[in-house]
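> The structure file query02.tsv (TSV, C-alpha atoms) is provided below.
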chain	number	residue	atom	x	y	z
A	1	MET	CA	109.20	153.50	-3.37
A	2	LYS	CA	106.93	155.27	-0.86
A	3	TYR	CA	110.03	156.46	1.04
A	4	LYS	CA	111.51	157.98	-2.14
A	5	GLU	CA	108.19	159.58	-3.04
A	6	GLY	CA	108.01	161.05	0.46
A	7	GLN	CA	111.52	162.47	0.13
A	8	ALA	CA	110.66	164.09	-3.21
A	9	HIS	CA	107.49	165.63	-1.76
A	10	PHE	CA	109.43	166.92	1.26
A	11	ARG	CA	112.09	168.51	-0.97
A	12	LYS	CA	109.41	170.28	-3.03
A	13	ARG	CA	107.87	171.70	0.14
A	14	ILE	CA	111.27	172.93	1.37
A	15	TYR	CA	112.07	174.54	-1.97
A	16	LYS	CA	108.67	176.26	-1.96
A	17	LEU	CA	109.21	177.55	1.58
A	18	VAL	CA	112.69	178.83	0.75
A	19	ASN	CA	111.33	180.66	-2.30
A	20	ILE	CA	108.57	182.25	-0.21
A	21	LEU	CA	111.07	183.42	2.43
A	22	TYR	CA	113.42	184.68	-0.27
A	23	ASP	CA	110.63	186.70	-1.87
A	24	ILE	CA	109.64	188.19	1.49
A	25	GLY	CA	113.18	189.39	2.12
A	26	ARG	CA	113.81	190.63	-1.39
A	27	PRO	CA	113.86	194.42	-1.86
A	28	VAL	CA	110.89	195.69	-3.84
A	29	LEU	CA	111.77	197.43	-7.11
A	30	LYS	CA	110.05	200.60	-8.23
A	31	ILE	CA	110.09	200.95	-12.01
A	32	TYR	CA	110.03	204.33	-13.74
A	33	ASP	CA	109.17	204.40	-17.43
A	34	ILE	CA	111.15	207.40	-18.69
A	35	SER	CA	110.21	207.02	-22.36
A	36	MET	CA	108.00	209.22	-24.52
A	37	LYS	CA	104.92	207.52	-25.92
A	38	ILE	CA	105.20	207.30	-29.71
A	39	ARG	CA	101.93	208.32	-31.34
A	40	GLU	CA	100.61	210.41	-34.18
A	41	GLY	CA	100.56	214.10	-33.32
A	42	MET	CA	103.35	213.85	-30.73
A	43	LEU	CA	105.97	216.57	-30.36
A	44	VAL	CA	108.93	216.29	-32.73
A	45	TYR	CA	111.96	218.48	-33.29
A	46	PRO	CA	111.35	221.13	-36.01
A	47	GLY	CA	112.09	219.67	-39.43
A	48	ASN	CA	111.71	216.06	-38.29
A	49	PRO	CA	108.91	213.90	-39.74
A	50	ASN	CA	105.72	213.32	-37.81
A	51	PRO	CA	105.03	209.69	-36.89
A	52	ARG	CA	102.43	207.89	-38.97
A	53	ILE	CA	100.70	204.68	-37.90
A	54	THR	CA	98.57	203.10	-40.63
A	55	ARG	CA	96.52	199.94	-40.11
A	56	TYR	CA	97.00	197.83	-43.25
A	57	SER	CA	95.46	194.65	-41.90
A	58	LYS	CA	92.18	194.74	-39.97
A	59	ILE	CA	89.94	192.31	-38.17
A	60	PRO	CA	87.41	191.00	-39.27
A	61	ARG	CA	88.41	191.45	-42.89
A	62	ARG	CA	91.67	189.64	-42.09
A	63	SER	CA	92.60	187.39	-39.21
A	64	THR	CA	94.91	189.93	-37.49
A	65	ASN	CA	95.44	193.64	-36.94
A	66	GLU	CA	98.80	194.89	-38.25
A	67	SER	CA	100.19	198.39	-38.79
A	68	LEU	CA	102.75	200.21	-40.90
A	69	ILE	CA	104.82	202.54	-38.71
A	70	SER	CA	106.67	205.50	-40.22
A	71	LEU	CA	108.84	207.67	-38.00
A	72	GLY	CA	112.17	209.47	-37.91
A	73	SER	CA	115.24	207.93	-36.30
A	74	HIS	CA	115.18	210.68	-33.64
A	75	THR	CA	111.53	210.36	-32.71
A	76	GLY	CA	110.64	210.49	-29.02
A	77	THR	CA	113.12	208.98	-26.60
A	78	HIS	CA	116.12	207.98	-28.70
A	79	VAL	CA	119.85	207.43	-28.84
A	80	ASP	CA	122.15	209.45	-31.09
A	81	ALA	CA	124.90	207.82	-33.13
A	82	GLY	CA	128.07	209.28	-34.63
A	83	LEU	CA	126.52	209.26	-38.11
A	84	HIS	CA	124.14	211.92	-36.82
A	85	VAL	CA	126.92	214.53	-36.82
A	86	SER	CA	129.44	213.08	-39.27
A	87	ASN	CA	129.21	211.14	-42.54
A	88	SER	CA	132.01	208.90	-41.28
A	89	GLY	CA	130.43	208.32	-37.86
A	90	TYR	CA	129.33	205.04	-36.32
A	91	THR	CA	125.73	203.83	-36.57
A	92	ALA	CA	123.32	203.09	-33.73
A	93	ASP	CA	123.69	199.31	-34.03
A	94	MET	CA	127.44	199.68	-33.35
A	95	ILE	CA	127.06	201.23	-29.89
A	96	PRO	CA	128.30	198.78	-27.21
A	97	LEU	CA	125.51	197.15	-25.20
A	98	ARG	CA	127.27	198.08	-21.95
A	99	SER	CA	126.42	201.72	-22.72
A	100	PHE	CA	122.72	200.93	-22.37
A	101	MET	CA	122.64	199.68	-18.78
A	102	GLY	CA	124.18	200.11	-15.36
A	103	ARG	CA	124.27	202.15	-12.18
A	104	CYS	CA	122.92	205.59	-12.84
A	105	ARG	CA	122.58	208.95	-11.13
A	106	VAL	CA	119.71	211.32	-11.85
A	107	ILE	CA	120.88	214.86	-11.11
A	108	ASP	CA	118.18	217.38	-10.27
A	109	LEU	CA	119.06	220.62	-12.09
A	110	THR	CA	115.57	222.08	-12.25
A	111	HIS	CA	116.82	225.20	-10.44
A	112	CYS	CA	119.72	225.89	-12.80
A	113	GLY	CA	118.01	227.82	-15.58
A	114	ASN	CA	118.21	227.07	-19.29
A	115	GLU	CA	121.94	226.44	-19.62
A	116	ILE	CA	123.71	223.73	-17.64
A	117	HIS	CA	127.34	224.49	-16.76
A	118	GLY	CA	130.16	222.46	-15.28
A	119	HIS	CA	129.82	224.14	-11.87
A	120	ASP	CA	126.19	222.96	-11.75
A	121	LEU	CA	127.44	219.37	-11.91
A	122	LYS	CA	130.39	219.68	-9.55
A	123	GLY	CA	130.18	217.22	-6.67
A	124	LYS	CA	126.96	215.63	-7.95
A	125	ILE	CA	128.18	212.84	-10.22
A	126	ASN	CA	129.73	210.73	-7.45
A	127	ARG	CA	131.61	208.43	-9.83
A	128	ALA	CA	128.45	207.47	-11.71
A	129	ARG	CA	129.13	206.14	-15.22
A	130	ILE	CA	125.58	206.90	-16.38
A	131	VAL	CA	124.18	210.36	-15.68
A	132	LEU	CA	120.70	211.67	-16.49
A	133	LEU	CA	120.13	215.42	-16.29
A	134	LYS	CA	116.74	216.46	-14.91
A	135	THR	CA	116.41	220.10	-15.94
A	136	ASN	CA	113.56	222.59	-15.87
A	137	ASN	CA	112.42	220.90	-19.10
A	138	SER	CA	110.87	218.27	-16.84
A	139	THR	CA	108.53	220.84	-15.32
A	140	LYS	CA	107.21	221.72	-18.79
A	141	GLN	CA	107.59	218.37	-20.55
A	142	TYR	CA	106.57	217.84	-24.18
A	143	LYS	CA	103.32	219.75	-24.68
A	144	ARG	CA	104.72	222.10	-27.34
A	145	PHE	CA	108.13	222.85	-28.81
A	146	ARG	CA	110.09	225.53	-26.97
A	147	LYS	CA	113.19	227.16	-28.44
A	148	ASP	CA	114.36	228.15	-24.95
A	149	PHE	CA	114.65	224.57	-23.65
A	150	ALA	CA	117.36	223.78	-21.09
A	151	HIS	CA	120.56	222.52	-22.72
A	152	VAL	CA	124.15	221.57	-21.98
A	153	SER	CA	126.99	224.06	-22.37
A	154	MET	CA	130.44	223.18	-23.69
A	155	ASP	CA	132.05	223.36	-20.24
A	156	ALA	CA	129.38	221.03	-18.82
A	157	ALA	CA	130.00	218.55	-21.64
A	158	LYS	CA	133.73	218.63	-20.94
A	159	TYR	CA	133.09	218.19	-17.23
A	160	LEU	CA	131.01	215.06	-17.84
A	161	ILE	CA	133.72	213.62	-20.06
A	162	SER	CA	136.48	214.38	-17.55
A	163	ALA	CA	134.39	212.70	-14.83
A	164	GLY	CA	134.41	209.44	-16.83
A	165	VAL	CA	130.72	209.38	-17.70
A	166	LYS	CA	130.02	206.76	-20.39
A	167	THR	CA	126.34	207.54	-20.99
A	168	MET	CA	124.32	210.68	-20.46
A	169	GLY	CA	120.70	211.57	-21.02
A	170	ILE	CA	118.65	214.74	-21.02
A	171	ASP	CA	114.96	215.54	-20.72
A	172	TYR	CA	114.37	217.19	-24.10
A	173	LEU	CA	114.64	216.42	-27.80
A	174	SER	CA	118.11	217.96	-28.08
A	175	VAL	CA	121.12	218.42	-25.82
A	176	LYS	CA	122.45	221.57	-27.51
A	177	LYS	CA	121.13	225.13	-27.49
A	178	PHE	CA	118.55	225.73	-30.20
A	179	GLY	CA	119.90	227.38	-33.34
A	180	THR	CA	123.59	226.93	-32.49
A	181	ASP	CA	126.25	224.81	-34.19
A	182	ASP	CA	126.86	221.18	-33.35
A	183	ASP	CA	130.12	221.52	-31.40
A	184	VAL	CA	128.62	220.48	-28.05
A	185	HIS	CA	126.43	217.87	-29.73
A	186	ALA	CA	129.36	216.32	-31.60
A	187	LEU	CA	131.65	216.32	-28.56
A	188	ILE	CA	129.12	214.43	-26.46
A	189	ILE	CA	128.22	211.93	-29.18
A	190	ASN	CA	131.88	211.18	-29.95
A	191	ARG	CA	132.86	210.71	-26.30
A	192	MET	CA	129.72	209.32	-24.68
A	193	THR	CA	126.47	207.57	-25.51
A	194	LEU	CA	123.69	210.14	-25.67
A	195	PHE	CA	120.00	209.61	-24.91
A	196	GLU	CA	117.59	212.46	-25.66
A	197	GLY	CA	113.87	212.84	-25.07
A	198	LEU	CA	113.76	211.36	-21.56
A	199	CYS	CA	110.74	211.83	-19.28
A	200	LEU	CA	112.07	212.62	-15.81
A	201	ARG	CA	109.27	214.74	-14.35
A	202	ASP	CA	108.25	212.14	-11.76
A	203	VAL	CA	111.76	210.88	-11.01
A	204	PRO	CA	113.47	212.25	-7.88
A	205	GLY	CA	117.19	212.88	-8.03
A	206	GLY	CA	119.31	209.99	-6.77
A	207	GLN	CA	120.81	206.64	-7.65
A	208	TYR	CA	119.08	204.09	-9.88
A	209	THR	CA	119.72	201.26	-12.29
A	210	PHE	CA	119.28	202.42	-15.88
A	211	LEU	CA	118.17	200.31	-18.82
A	212	GLY	CA	117.72	201.92	-22.23
A	213	LEU	CA	117.49	199.71	-25.31
A	214	PRO	CA	117.41	201.35	-28.75
A	215	LEU	CA	116.25	199.48	-31.82
A	216	ARG	CA	119.13	197.71	-33.56
A	217	ILE	CA	119.19	199.83	-36.70
A	218	ALA	CA	122.23	200.73	-38.84
A	219	THR	CA	121.50	204.44	-39.03
A	220	ASP	CA	122.17	207.81	-37.33
A	221	GLY	CA	119.96	207.17	-34.30
A	222	ALA	CA	117.24	204.91	-32.99
A	223	PRO	CA	114.08	205.19	-30.85
A	224	ALA	CA	114.48	203.55	-27.45
A	225	ARG	CA	112.50	202.30	-24.48
A	226	ALA	CA	114.20	203.48	-21.29
A	227	ILE	CA	113.42	202.65	-17.65
A	228	LEU	CA	114.90	203.28	-14.21
A	229	LEU	CA	114.86	200.75	-11.38
A	230	LYS	CA	114.95	201.77	-7.70
A	231	GLU	CA	115.02	199.55	-4.63
A	232	THR	CA	112.43	200.61	-2.07
Output the structure of this file as structure tokens.

Amino acid sequence: MKYKEGQAHFRKRIYKLVNILYDIGRPVLKIYDISMKIREGMLVYPGNPNPRITRYSKIPRRSTNESLISLGSHTGTHVDAGLHVSNSGYTADMIPLRSFMGRCRVIDLTHCGNEIHGHDLKGKINRARIVLLKTNNSTKQYKRFRKDFAHVSMDAAKYLISAGVKTMGIDYLSVKKFGTDDDVHALIINRMTLFEGLCLRDVPGGQYTFLGLPLRIATDGAPARAILLKET
């Protein structure tokens, strides 16, 4: 019995040592939170509802704090669905899960002005299936709404599609030029998964692992929490 107990104790010590060595040799992951914080008073696209957070249950009157949250489907960092641009389009809960994760390339386009073209992307995608566009929006972020925000042109959208990109994201509340029709918007949504409202200011260009999970809602879009992982 003592021999068996000794063996079990020895195995536990070996397993512990192996785990320690494995942790020492494991690459450290840097995590970037690239999501907007949802709060009252945050920036929203003109015409969209402002978020409201109302506490309907409060301690000590009740045993828990609970809140009613009211917000638009395109609030903050979010994914667009086909229903957003067509009454016959797919809803956010129908987007394949594989579109929300994978190897990703962040392309630094902060020097490219307010309109992104196909030639700005040439040679920078490097077979990435998920592409996030860091434009000059990231230098200004979400302090106030700007009509002159950086956006994607039709030829850039076509370039991304021809390059086999499955998911793209941009660092503002819309991918199309303000005040124009939805041709670019619709093309991207119907051929790729689109994330808008990303926070890329502190993210250098390069390769990452992307994870962006929208709420599972059967509607035209859904708020999402998105992160990037980078081995250091």
> Could you please determine the separation between CA of Gly221 (chain A) and CA of Thr139 (chain A) in Å, to one decimal place?
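About the pair CA of Gly221 (chain A) and CA of Thr139 (chain A): they are 26.0 Å apart.
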> For a cut-off of 12 Å around (111.4, 202.5, -25.2), file coordinates, pick out all residues using all atoms listed in the file and list them as number ranges by chain.
A: 32-38, 75-79, 100, 195-199, 211-215, 222-228
> Using the selection just defined, write its residues with C-alpha atoms as a PDB file, in the frame of the given file.

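Saved result, selection_7.pdb, follows:
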ATOM      1  CA  TYR A  32     110.030 204.330 -13.740  1.00  0.00           C
ATOM      2  CA  ASP A  33     109.170 204.400 -17.430  1.00  0.00           C
ATOM      3  CA  ILE A  34     111.150 207.400 -18.690  1.00  0.00           C
ATOM      4  CA  SER A  35     110.210 207.020 -22.360  1.00  0.00           C
ATOM      5  CA  MET A  36     108.000 209.220 -24.520  1.00  0.00           C
ATOM      6  CA  LYS A  37     104.920 207.520 -25.920  1.00  0.00           C
ATOM      7  CA  ILE A  38     105.200 207.300 -29.710  1.00  0.00           C
ATOM      8  CA  THR A  75     111.530 210.360 -32.710  1.00  0.00           C
ATOM      9  CA  GLY A  76     110.640 210.490 -29.020  1.00  0.00           C
ATOM     10  CA  THR A  77     113.120 208.980 -26.600  1.00  0.00           C
ATOM     11  CA  HIS A  78     116.120 207.980 -28.700  1.00  0.00           C
ATOM     12  CA  VAL A  79     119.850 207.430 -28.840  1.00  0.00           C
ATOM     13  CA  PHE A 100     122.720 200.930 -22.370  1.00  0.00           C
ATOM     14  CA  PHE A 195     120.000 209.610 -24.910  1.00  0.00           C
ATOM     15  CA  GLU A 196     117.590 212.460 -25.660  1.00  0.00           C
ATOM     16  CA  GLY A 197     113.870 212.840 -25.070  1.00  0.00           C
ATOM     17  CA  LEU A 198     113.760 211.360 -21.560  1.00  0.00           C
ATOM     18  CA  CYS A 199     110.740 211.830 -19.280  1.00  0.00           C
ATOM     19  CA  LEU A 211     118.170 200.310 -18.820  1.00  0.00           C
ATOM     20  CA  GLY A 212     117.720 201.920 -22.230  1.00  0.00           C
ATOM     21  CA  LEU A 213     117.490 199.710 -25.310  1.00  0.00           C
ATOM     22  CA  PRO A 214     117.410 201.350 -28.750  1.00  0.00           C
ATOM     23  CA  LEU A 215     116.250 199.480 -31.820  1.00  0.00           C
ATOM     24  CA  ALA A 222     117.240 204.910 -32.990  1.00  0.00           C
ATOM     25  CA  PRO A 223     114.080 205.190 -30.850  1.00  0.00           C
ATOM     26  CA  ALA A 224     114.480 203.550 -27.450  1.00  0.00           C
ATOM     27  CA  ARG A 225     112.500 202.300 -24.480  1.00  0.00           C
ATOM     28  CA  ALA A 226     114.200 203.480 -21.290  1.00  0.00           C
ATOM     29  CA  ILE A 227     113.420 202.650 -17.650  1.00  0.00           C
ATOM     30  CA  LEU A 228     114.900 203.280 -14.210  1.00  0.00           C
TER      31      LEU A 228
END
> Need to verify the contact set: region 107-109 of chain A, 9 Å, all atoms listed in the file, exclusion of same-chain residues closer than 2 positions in sequence. Can you return it as a PyMOL selection string?
chain A and resi 105+111-113+116+120-121+124-125+131-136+204-207
> Can I get the residues of region 80-155 of chain A within 6 Å of region 176-190 of chain A, each with the closest pair of atoms and their distance in Å to one decimal, using only C-alpha atoms, sorted chain first then ascending number, as a tab-separated table?

residue	atom	partner	partner_atom	distance
A:Lys147	CA	A:Phe178	CA	5.8
A:His151	CA	A:Lys176	CA	5.2
A:Val152	CA	A:Lys176	CA	5.8
A:Met154	CA	A:Val184	CA	5.4
> With all atoms listed in the file as the atoms that count, which of A:Val106, A:Asp202, A:Arg144, A:Arg39 lies nearest to Ile170 (chain A)?
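When distances to Ile170 (chain A) are compared using all atoms listed in the file, the smallest one comes from A:Val106.
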> Nearest to Tyr172 (chain A): which of A:Thr110, A:Asn137, A:Thr193, A:Ser88 is it, counting all atoms listed in the file?
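For Tyr172 (chain A), the nearest of the candidates is A:Asn137.
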> Mind giving me the straight-line distance from CA of Thr91 (chain A) to CA of Gly164 (chain A) in Å, one decimal?
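Separation between CA of Thr91 (chain A) and CA of Gly164 (chain A): 22.3 Å.
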> As an exercise, work out the distance from CA of Val85 (chain A) to CA of Ser70 (chain A) in Å and give it to one decimal place.
22.4 Å
> Find the residues around Tyr56 (chain A) up to 9 Å (all atoms listed in the file counted), leave out those fewer than 2 positions away in its own chain, and share them as a PDB file with C-alpha atoms, in the frame of the given file.

ATOM      1  CA  THR A  54      98.570 203.100 -40.630  1.00  0.00           C
ATOM      2  CA  LYS A  58      92.180 194.740 -39.970  1.00  0.00           C
ATOM      3  CA  ASN A  65      95.440 193.640 -36.940  1.00  0.00           C
ATOM      4  CA  GLU A  66      98.800 194.890 -38.250  1.00  0.00           C
ATOM      5  CA  SER A  67     100.190 198.390 -38.790  1.00  0.00           C
ATOM      6  CA  LEU A  68     102.750 200.210 -40.900  1.00  0.00           C
TER       7      LEU A  68
END
> Could you pull the residues within 8 Å of Ala128 (chain A), counting only C-alpha atoms, minus those fewer than 5 positions along the same chain, as a PDB file with C-alpha atoms, in the coordinates of the input?

ATOM      1  CA  ARG A 103     124.270 202.150 -12.180  1.00  0.00           C
ATOM      2  CA  CYS A 104     122.920 205.590 -12.840  1.00  0.00           C
ATOM      3  CA  ARG A 105     122.580 208.950 -11.130  1.00  0.00           C
ATOM      4  CA  VAL A 165     130.720 209.380 -17.700  1.00  0.00           C
TER       5      VAL A 165
END
> For Ala81 (chain A), which residue out of A:Asp171, A:Asp148, A:Asp93, A:Glu40 is the nearest one, using all atoms listed in the file?
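Among the listed residues, A:Asp93 lies closest to Ala81 (chain A).
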> What residues have an atom no more than 12 Å from (136.6, 220.0, -20.5) in the file's own frame, counting only C-alpha atoms, and can you write them as a PyMOL selection string?
chain A and resi 117-119+153-164+184+187-188+191
> Which is closer to Val44 (chain A) than all the others in A:Gly82, A:Gly72, A:Gly169, A:Gly123, using all atoms listed in the file?
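Ranked by minimum distance to Val44 (chain A), first place goes to A:Gly72.
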